[in-house]
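Asks: Provided below: data_3.txt, containing compact mmCIF, C-alpha atoms.
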```txt
# COMPACT_ATOMS: atom_id res chain seq x y z
CA MET A 1 133.36 37.06 113.61
CA ALA A 2 130.41 37.33 111.24
CA THR A 3 130.65 35.64 107.84
CA GLN A 4 129.49 37.65 104.86
CA HIS A 5 127.08 35.74 102.63
CA THR A 6 128.07 35.85 98.98
CA SER A 7 124.73 34.51 97.75
CA SER A 8 121.72 36.76 97.95
CA ALA A 9 118.67 35.93 100.04
CA PRO A 10 115.47 34.77 98.30
CA PRO A 11 113.86 37.84 96.72
CA ALA A 12 111.12 39.28 98.90
CA PRO A 13 107.74 39.52 97.20
CA ALA A 14 106.92 42.79 95.49
CA LEU A 15 104.94 45.18 97.65
CA SER A 16 101.25 45.19 96.92
CA ALA A 17 99.59 48.55 96.40
CA ALA A 18 97.02 47.36 98.92
CA TYR A 19 99.50 46.55 101.69
CA PRO A 20 97.60 47.49 104.85
CA MET A 21 98.54 50.65 106.68
CA ALA A 22 98.25 51.08 110.43
CA ASN A 23 96.00 53.60 112.13
CA PRO A 24 97.44 57.15 112.28
CA GLY A 25 100.37 57.24 114.72
CA TYR A 26 101.04 53.49 114.57
CA GLY A 27 103.13 51.14 112.44
CA LYS A 28 106.58 51.44 110.91
CA ARG A 29 108.71 54.53 111.51
CA SER A 30 112.06 54.97 109.72
CA ALA A 31 114.99 56.09 111.87
CA PRO A 32 117.11 59.01 110.58
CA GLY A 33 120.61 58.93 109.11
CA GLN A 34 120.33 55.64 107.23
CA GLN A 35 122.79 54.81 104.47
CA ALA A 36 121.58 54.54 100.88
CA ARG A 37 120.30 51.16 99.72
CA THR A 38 122.89 48.84 98.15
CA ARG A 39 122.99 45.22 96.99
CA ASN A 40 125.02 44.36 100.11
CA ASP A 41 122.36 45.45 102.60
CA PHE A 42 121.89 42.85 105.38
CA CYS A 43 124.66 40.66 103.89
CA LEU A 44 125.85 39.68 107.40
CA LEU A 45 122.47 38.19 108.30
CA PRO A 46 121.30 34.60 107.76
CA THR A 47 119.11 33.89 104.73
CA ARG A 48 115.74 34.11 106.47
CA GLU A 49 116.61 37.34 108.29
CA ARG A 50 117.89 38.92 105.05
CA TYR A 51 114.62 37.95 103.36
CA VAL A 52 112.46 39.52 106.09
CA ALA A 53 114.70 42.58 106.45
CA GLY A 54 114.62 43.29 102.71
CA PHE A 55 110.82 43.23 102.75
CA VAL A 56 110.43 45.41 105.86
CA ASP A 57 112.99 47.91 104.55
CA HIS A 58 110.81 48.63 101.50
CA LEU A 59 107.59 49.06 103.45
CA PRO A 60 106.36 52.67 103.65
CA ASP A 61 106.22 54.49 106.95
CA GLY A 62 102.96 53.72 108.73
CA ALA A 63 102.71 50.15 107.38
CA VAL A 64 101.36 47.44 109.67
CA MET A 65 104.23 45.60 111.39
CA SER A 66 102.37 42.78 113.17
CA VAL A 67 103.75 39.26 112.93
CA LYS A 68 100.43 38.04 111.52
CA GLN A 69 100.37 40.58 108.69
CA LEU A 70 104.03 40.06 107.76
CA ALA A 71 103.47 36.28 107.61
CA LYS A 72 100.58 36.84 105.18
CA GLN A 73 102.89 38.78 102.85
CA LEU A 74 105.94 36.48 103.12
CA PRO A 75 104.91 33.05 101.78
CA LEU A 76 108.14 31.23 102.68
CA TYR A 77 107.68 31.54 106.46
CA GLY A 78 104.94 31.26 109.06
CA GLN A 79 104.23 33.43 112.09
CA GLN A 80 106.70 31.67 114.40
CA ALA A 81 109.52 32.02 111.87
CA ILE A 82 108.69 35.71 111.28
CA SER A 83 108.62 36.34 115.04
CA THR A 84 112.02 34.68 115.45
CA ALA A 85 113.44 36.66 112.53
CA LEU A 86 112.24 39.94 114.05
CA ASN A 87 113.97 39.00 117.30
CA ALA A 88 117.22 38.45 115.40
CA LEU A 89 116.82 41.76 113.55
CA SER A 90 116.33 43.50 116.89
CA VAL A 91 119.52 41.92 118.25
CA ALA A 92 121.33 42.92 115.04
CA GLY A 93 120.37 46.56 115.66
CA HIS A 94 117.82 47.11 112.89
CA LEU A 95 114.59 47.67 114.84
CA ARG A 96 113.01 48.63 118.15
CA ARG A 97 109.38 48.30 119.15
CA VAL A 98 108.05 51.27 121.12
CA ARG A 99 104.84 52.22 122.87
CA CYS A 100 104.14 55.87 123.67
CA SER A 101 101.50 57.06 126.11
CA VAL A 102 99.86 60.45 126.04
CA THR A 103 98.06 60.96 129.34
CA ASN A 104 96.09 63.82 130.80
CA ALA A 105 95.70 63.79 134.58
CA GLY A 106 92.20 62.54 135.30
CA ASP A 107 91.74 61.41 131.70
CA GLU A 108 92.26 58.12 129.89
CA THR A 109 95.67 57.01 128.65
CA ARG A 110 96.14 56.86 124.90
CA TRP A 111 98.82 54.56 123.51
CA VAL A 112 100.67 54.75 120.23
CA PHE A 113 102.53 51.62 119.05
CA ARG A 114 105.44 52.02 116.63
CA THR A 115 108.26 49.92 115.20
CA PHE A 116 111.33 52.03 114.53
CA TRP A 117 113.37 50.62 111.63
CA SER A 118 116.95 51.31 110.53
CA ARG A 119 118.49 49.78 107.41
CA THR A 120 121.87 50.65 108.94
CA ALA A 121 122.60 48.43 111.96
CA ARG A 122 122.81 50.50 115.16
CA ASP A 123 124.23 49.62 118.56
CA ASN A 124 122.40 49.96 121.87
CA GLU A 125 123.99 53.34 122.65
CA TRP A 126 122.71 54.80 119.37
CA TRP A 127 119.18 53.51 119.95
CA ASN A 128 119.18 54.80 123.53
CA ALA A 129 120.29 58.27 122.38
CA TYR A 130 117.79 58.34 119.52
CA LEU A 131 114.86 57.25 121.71
CA ALA A 132 115.92 59.82 124.31
CA THR A 133 115.62 62.46 121.58
CA GLU A 134 112.17 61.12 120.69
CA GLN A 135 111.20 61.34 124.37
CA ALA A 136 112.43 64.96 124.50
CA THR A 137 110.39 65.75 121.40
CA LEU A 138 107.27 64.26 122.98
CA THR A 139 107.87 66.24 126.16
CA ALA A 140 108.20 69.47 124.20
CA ALA A 141 105.25 68.79 121.87
CA PRO A 142 101.68 69.86 122.68
CA VAL A 143 99.08 67.17 123.29
CA PRO A 144 97.68 65.92 119.97
CA GLN A 145 93.99 66.37 119.30
CA ALA A 146 91.74 63.31 119.43
CA SER A 147 90.85 63.78 115.76
CA VAL A 148 94.51 63.52 114.81
CA LEU A 149 95.62 60.70 117.11
CA ASP A 150 93.47 57.61 116.74
CA THR A 151 92.64 56.51 120.27
CA THR A 152 91.77 52.95 119.29
CA PRO A 153 94.90 50.77 119.33
CA PRO A 154 95.44 48.39 116.41
CA PRO A 155 95.00 44.66 117.03
CA ALA A 156 97.84 43.26 119.14
CA PRO A 157 100.34 41.22 117.12
CA GLU A 158 99.61 37.52 117.27
CA ARG A 159 102.53 35.85 118.97
CA PRO A 160 103.09 32.08 118.94
CA ASP A 161 102.78 30.16 122.18
CA THR A 162 106.43 29.17 121.97
CA HIS A 163 109.44 30.82 120.39
CA ARG A 164 112.44 29.19 118.84
CA PRO A 165 115.04 32.00 118.63
CA ALA A 166 117.37 32.12 115.65
CA ASP A 167 121.13 32.32 115.78
CA PRO A 168 122.06 35.84 116.87
CA THR A 169 123.79 37.92 114.25
CA PRO A 170 126.81 39.99 115.35
CA VAL A 171 126.21 43.70 114.96
CA PRO A 172 128.92 45.72 113.22
CA HIS A 173 130.61 47.91 115.79
CA GLN A 174 129.01 51.34 115.91
CA ARG A 175 130.35 54.51 117.43
CA THR A 176 128.74 55.68 120.67
CA PRO A 177 126.78 58.87 119.88
CA ALA A 178 128.03 62.12 121.30
CA GLN A 179 126.41 63.14 124.54
CA ALA A 180 124.54 66.39 124.70
CA PRO A 181 126.61 69.11 126.36
CA GLU A 182 125.23 71.03 129.25
CA ALA A 183 123.68 74.41 128.68
CA GLU A 184 126.12 77.28 129.05
CA PRO A 185 125.57 80.89 130.04
CA HIS A 186 124.86 83.55 127.43
CA THR A 187 127.78 85.77 126.44
CA ALA A 188 127.08 89.45 125.93
CA GLY A 189 126.89 90.41 122.27
CA THR A 190 126.38 86.83 120.99
CA SER A 191 123.03 85.05 120.71
CA PRO A 192 122.41 81.72 122.50
CA ALA A 193 121.75 80.11 119.11
CA TYR A 194 125.15 81.24 117.76
CA LEU A 195 126.95 80.04 120.90
CA ALA A 196 125.22 76.63 120.78
CA LEU A 197 126.39 76.15 117.20
CA ALA A 198 129.92 77.35 117.88
CA ARG A 199 130.33 74.96 120.82
CA LEU A 200 129.31 71.86 118.85
CA GLY A 201 132.82 71.49 117.43
CA ARG A 202 134.39 71.76 120.86
CA ASP A 203 132.50 68.64 122.00
CA ASP A 204 132.71 66.72 118.71
CA HIS A 205 135.36 67.65 116.13
CA ARG A 206 133.16 66.35 113.30
CA LEU A 207 130.81 69.30 113.85
CA ALA A 208 133.43 72.05 113.87
CA LEU A 209 131.96 75.18 112.23
CA SER A 210 133.56 78.38 111.05
CA ALA A 211 132.28 81.79 112.09
CA ASP A 212 130.59 82.16 108.70
CA ASP A 213 128.94 78.73 109.10
CA CYS A 214 127.57 79.73 112.52
CA ALA A 215 126.23 82.98 111.10
CA VAL A 216 124.46 81.14 108.26
CA LEU A 217 122.85 78.59 110.60
CA GLU A 218 122.08 81.03 113.42
CA PRO A 219 118.58 82.03 112.15
CA LEU A 220 117.55 78.36 111.90
CA ALA A 221 118.81 77.57 115.40
CA ALA A 222 117.20 80.75 116.76
CA GLU A 223 113.85 79.57 115.34
CA TRP A 224 114.13 76.42 117.47
CA LEU A 225 114.75 78.46 120.61
CA ALA A 226 111.89 80.80 119.69
CA ARG A 227 109.59 77.78 119.68
CA GLY A 228 110.26 77.22 123.38
CA VAL A 229 112.94 74.51 123.43
CA SER A 230 116.12 74.80 125.48
CA VAL A 231 119.73 75.00 124.29
CA ASP A 232 120.25 71.50 125.77
CA TYR A 233 117.42 70.13 123.65
CA LEU A 234 118.73 71.86 120.51
CA THR A 235 122.24 70.51 121.04
CA SER A 236 121.00 66.97 121.76
CA ALA A 237 118.89 66.90 118.60
CA LEU A 238 121.84 68.06 116.47
CA THR A 239 124.38 65.59 117.90
CA ALA A 240 122.36 62.37 118.41
CA GLY A 241 123.18 59.48 116.09
CA LEU A 242 125.88 61.13 113.99
CA PRO A 243 127.38 59.08 111.14
CA ALA A 244 130.96 57.90 111.58
CA LYS A 245 132.18 60.42 109.01
CA VAL A 246 130.75 63.90 108.43
CA ASP A 247 131.88 65.38 105.12
CA SER A 248 130.02 68.69 105.47
CA PRO A 249 129.16 69.74 109.03
CA VAL A 250 127.26 72.84 107.89
CA GLY A 251 125.24 70.79 105.37
CA LEU A 252 124.35 68.09 107.90
CA LEU A 253 123.34 70.62 110.56
CA ARG A 254 121.31 72.67 108.08
CA ARG A 255 119.39 69.55 107.10
CA ARG A 256 118.73 68.59 110.72
CA LEU A 257 117.67 72.10 111.66
CA ASN A 258 115.18 72.12 108.80
CA ASP A 259 113.92 68.53 109.04
CA LYS A 260 113.62 68.20 112.83
CA VAL A 261 112.21 71.62 113.70
CA PRO A 262 110.00 71.08 116.77
CA PRO A 263 106.39 72.22 117.07
CA ARG A 264 105.79 75.63 118.56
CA LEU A 265 105.04 75.32 122.25
CA PRO A 266 101.86 77.06 123.43
CA THR A 267 102.32 80.30 125.25
CA ALA A 268 101.82 80.51 128.98
CA GLY A 269 98.33 81.96 128.55
CA SER A 270 97.04 79.38 126.08
CA PRO A 271 96.17 76.46 128.42
CA SER A 272 92.90 76.62 130.29
CA PRO A 273 93.24 77.88 133.88
CA GLY A 274 93.90 74.97 136.19
CA ALA A 275 94.35 72.49 133.31
CA PRO A 276 96.73 69.68 134.29
CA ALA A 277 99.93 69.37 132.34
CA PRO A 278 99.98 66.40 129.97
CA VAL A 279 102.29 63.50 130.73
CA HIS A 280 104.20 61.77 127.93
CA HIS A 281 105.95 58.44 128.29
CA LEU A 282 107.94 56.47 125.73
CA ARG A 283 108.63 52.83 126.54
CA VAL A 284 110.49 50.24 124.49
CA GLU A 285 108.73 46.87 124.07
CA CYS A 286 110.55 43.55 124.10
CA THR A 287 110.51 42.45 120.46
CA ASP A 288 109.75 38.90 121.56
CA CYS A 289 107.19 39.03 124.40
CA GLY A 290 106.08 42.68 124.34
CA ARG A 291 107.14 43.49 127.91
CA PRO A 292 107.64 47.29 128.21
CA GLY A 293 110.56 49.07 129.82
CA PRO A 294 113.06 51.93 129.41
CA PRO A 295 115.58 51.54 126.55
CA GLN A 296 118.48 50.85 128.92
CA ALA A 297 116.61 47.86 130.44
CA LEU A 298 116.08 46.18 127.06
CA PRO A 299 119.47 45.88 125.34
CA ASP A 300 119.12 44.49 121.81
CA GLY A 301 115.38 45.21 122.17
CA LEU A 302 114.87 42.11 124.34
CA CYS A 303 113.98 41.74 128.03
CA ARG A 304 116.25 39.65 130.24
CA PRO A 305 114.29 36.34 130.08
CA CYS A 306 113.94 36.50 126.27
CA ARG A 307 117.57 37.53 125.86
CA THR A 308 118.68 34.58 128.02
CA ALA A 309 116.51 32.18 126.02
CA HIS A 310 117.80 33.64 122.77
CA SER A 311 121.46 33.28 123.82
CA GLY A 312 120.96 29.76 125.21
CA ALA A 313 119.30 28.51 122.06
CA ALA A 314 122.09 30.00 119.95
CA GLU A 315 124.78 28.20 121.97
CA ASN A 316 123.05 24.84 121.59
CA SER A 317 122.09 25.23 117.92
CA PRO A 318 124.01 23.15 115.34
CA HIS A 319 126.57 24.81 113.10
CA PRO A 320 125.38 25.38 109.49
CA ALA A 321 128.21 23.14 108.26
CA GLU A 322 126.90 20.28 110.42
CA ILE A 323 123.42 20.70 108.98
CA ALA A 324 124.83 20.65 105.43
CA ASN A 325 126.78 17.45 106.20
CA VAL A 326 123.67 15.72 107.52
CA LYS A 327 121.68 16.69 104.43
CA ALA A 328 124.45 15.43 102.13
CA HIS A 329 124.58 12.13 104.05
CA MET A 330 120.82 11.65 103.74
CA ASN A 331 120.95 12.37 100.01
CA ASN A 332 123.65 9.70 99.61
CA LEU A 333 121.52 7.17 101.50
CA ARG A 334 118.54 7.91 99.27
CA ASP A 335 120.69 7.38 96.17
CA LEU A 336 121.89 4.01 97.49
CA LEU A 337 118.32 2.88 98.16
CA LYS A 338 117.11 3.68 94.64
CA PRO A 339 116.45 0.58 92.53
CA VAL A 340 119.10 -0.09 89.89
```
Could I get this file's structure written as structure tokens?
Replies:
Amino acid sequence: MATQHTSSAPPAPALSAAYPMANPGYGKRSAPGQQARTRNDFCLLPTRERYVAGFVDHLPDGAVMSVKQLAKQLPLYGQQAISTALNALSVAGHLRRVRCSVTNAGDETRWVFRTFWSRTARDNEWWNAYLATEQATLTAAPVPQASVLDTTPPPAPERPDTHRPADPTPVPHQRTPAQAPEAEPHTAGTSPAYLALARLGRDDHRLALSADDCAVLEPLAAEWLARGVSVDYLTSALTAGLPAKVDSPVGLLRRRLNDKVPPRLPTAGSPSPGAPAPVHHLRVECTDCGRPGPPQALPDGLCRPCRTAHSGAAENSPHPAEIANVKAHMNNLRDLLKPV
């Protein structure tokens, strides 16, 4: 069982106005549905991890997230300590590293590197569902123009030759996100958008809507379908990563329908004749070694070898009380050796 720390972590340095930002499409990306900041954020983490997490949490979206750059900004720790802290934050459910490829058949592959961050600790099921939604968004989105997506990747994060993983921090139990229901046939006299909204409450009671609620939200949902997405995609985007308690289903859904509206898909006649369809891939990176893979293959954001090393080091690491006893014993010895 995790022990809550009553003392606060060392205050992270104030953000500089000149903190470097990543190239467009790279860097930090905030996950949705995070709780408001409080003084108890990250209180279940060890001191070093709370220190690093507090700093990263206040970085703006798009900020550089390399180990080298973070170590420059955090004077108490070097690159190896920062790398180990990021591993622990990944295990605790606060971050995932992701690489996304945008490939045209016969053309070069362009990669976008991002670090998704959540102040609220999330379990593996939540991250898998959220990244699946991101993958669906990429699949539905048109290929970005070269002038918008920088095709030159940022420098790879400098990783130490060896890693000394920190004690893993237990993640507060999180609810498994609701699964997207299958598409259902259209009923005469009722729009597909209205039916999709009405059926949300049948699959998850937290999203139960009245007839008036469905009528109010119907134009927003219809706009999504008019942009070329399916009812399955709409439902998945509205149900992924729900908070444990939903006070106002209509308010939450209205916000998601407005904030997550997908781009308009090109019409059938817009692509050039014979142009190959773009291929989009989203792969999670191991937070420790950078090995890519699907989300399900990297639980806690770590590949199997790094996860095994992380767990083994944690089992053999001394208890904090033992460390404190050793320090107290050494201080006593120093006092005895002082000249009278």
Asks: Considering only C-alpha atoms, can you say which of A:Leu131, A:Val112, A:Ala121, A:Cys214 comes closest to A:Val91?
Replies: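 The closest residue to A:Val91 is A:Ala121.
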Asks: Under the rule that all atoms listed in the file are counted, which of A:Ser118, A:Ser230, A:Thr235, A:Asn332 is the nearest residue to A:Leu197?
Replies: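 Closest to A:Leu197, using all atoms listed in the file: A:Thr235.
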Asks: What's the separation between atom CA of A:Ala215 and atom CA of A:Glu134, in Å to one decimal place?
Replies: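 The value is 27.7 Å.
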Asks: Would you work out the distance separating atom CA of A:Pro219 from atom CA of A:Val261, expressed in Å to one decimal?
Replies: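 That distance, rounded to one decimal, is 12.3 Å.
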Asks: Give me, please, the distance in Å between atom CA of A:Leu302 and atom CA of A:Ala237, quoted to one decimal.
Replies: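 According to the coordinates, atom CA of A:Leu302 and atom CA of A:Ala237 are separated by 25.8 Å.
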Asks: List as an MDAnalysis selection string the protein and nucleic acid residues near A:Lys260, meaning an atom at most 12 Å away when all atoms listed in the file are counted, but skip any in the same chain fewer than 4 places from it.
Replies: chainID A and resid 32 133:134 137 220:221 223:224 233:234 236:238 240 252:256
Asks: Out of A:Leu89, A:Ala136, A:Ala244, A:Leu217, which residue has the shortest atom-to-atom distance to A:His205 when counting all atoms listed in the file?
Replies: A:Ala244
Asks: Let me make sure I understand: among A:Lys338, A:Arg114, A:Arg39, A:Arg48, which one has the smallest atom-to-atom distance to A:Tyr77 if we use all atoms listed in the file?
Replies: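 Looking at the shortest contact to A:Tyr77, the residue is A:Arg48.
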Asks: Considering only C-alpha atoms, state which residue in the set A:His329, A:Arg99, A:Lys245, A:Arg264 is at the smallest distance from A:Arg227.
Replies: A:Arg264
Asks: Near A:Val98, within 7 Å and counting all atoms listed in the file, which residues show up once chain neighbours fewer than 3 positions away are dropped, as a list in words?
Replies: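 Those residues are Phe113, Arg114, Thr115, Leu282, Arg283, Val284 and Glu285 of chain A.
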Asks: Step by step: start from the point (115.2, 38.3, 114.1) in the file's coordinates, keep every protein, DNA or RNA residue that has an atom no farther than 12 Å from it, count all atoms listed in the file, and write the set as a tab-separated table (two decimals) with C-alpha atoms, in the coordinates of the input.
Replies:
```tsv
chain	number	residue	atom	x	y	z
A	42	PHE	CA	121.89	42.85	105.38
A	45	LEU	CA	122.47	38.19	108.30
A	46	PRO	CA	121.30	34.60	107.76
A	47	THR	CA	119.11	33.89	104.73
A	48	ARG	CA	115.74	34.11	106.47
A	49	GLU	CA	116.61	37.34	108.29
A	50	ARG	CA	117.89	38.92	105.05
A	51	TYR	CA	114.62	37.95	103.36
A	52	VAL	CA	112.46	39.52	106.09
A	53	ALA	CA	114.70	42.58	106.45
A	56	VAL	CA	110.43	45.41	105.86
A	67	VAL	CA	103.75	39.26	112.93
A	80	GLN	CA	106.70	31.67	114.40
A	81	ALA	CA	109.52	32.02	111.87
A	82	ILE	CA	108.69	35.71	111.28
A	83	SER	CA	108.62	36.34	115.04
A	84	THR	CA	112.02	34.68	115.45
A	85	ALA	CA	113.44	36.66	112.53
A	86	LEU	CA	112.24	39.94	114.05
A	87	ASN	CA	113.97	39.00	117.30
A	88	ALA	CA	117.22	38.45	115.40
A	89	LEU	CA	116.82	41.76	113.55
A	90	SER	CA	116.33	43.50	116.89
A	91	VAL	CA	119.52	41.92	118.25
A	92	ALA	CA	121.33	42.92	115.04
A	93	GLY	CA	120.37	46.56	115.66
A	94	HIS	CA	117.82	47.11	112.89
A	95	LEU	CA	114.59	47.67	114.84
A	96	ARG	CA	113.01	48.63	118.15
A	163	HIS	CA	109.44	30.82	120.39
A	164	ARG	CA	112.44	29.19	118.84
A	165	PRO	CA	115.04	32.00	118.63
A	166	ALA	CA	117.37	32.12	115.65
A	167	ASP	CA	121.13	32.32	115.78
A	168	PRO	CA	122.06	35.84	116.87
A	169	THR	CA	123.79	37.92	114.25
A	170	PRO	CA	126.81	39.99	115.35
A	287	THR	CA	110.51	42.45	120.46
A	288	ASP	CA	109.75	38.90	121.56
A	300	ASP	CA	119.12	44.49	121.81
A	301	GLY	CA	115.38	45.21	122.17
A	302	LEU	CA	114.87	42.11	124.34
A	310	HIS	CA	117.80	33.64	122.77
```
Asks: Compare A:Pro263, A:Trp117, A:Gly27, A:Cys100 by their minimum atom-to-atom distance to A:Gln69, counting only C-alpha atoms, and give me the closest one.
Replies: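 Checking each candidate against A:Gln69, we get A:Gly27 as the closest.
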Asks: So that I can see what lies close to A:Leu70, please list as a CSV table (one decimal) with C-alpha atoms, in the coordinates of the input the residues with an atom at most 8 Å from it, counting all atoms listed in the file and leaving out residues fewer than 4 positions away in the same chain.
Replies:
```csv
chain,number,residue,atom,x,y,z
A,65,MET,CA,104.2,45.6,111.4
A,66,SER,CA,102.4,42.8,113.2
A,74,LEU,CA,105.9,36.5,103.1
A,79,GLN,CA,104.2,33.4,112.1
A,82,ILE,CA,108.7,35.7,111.3
```
Asks: Might you pull out every residue within 8 Å of A:Val231, with all atoms listed in the file counted and same-chain residues fewer than 6 positions away left off, and present them as a PyMOL selection string?
Replies: chain A and resi 183+192-193+196+225
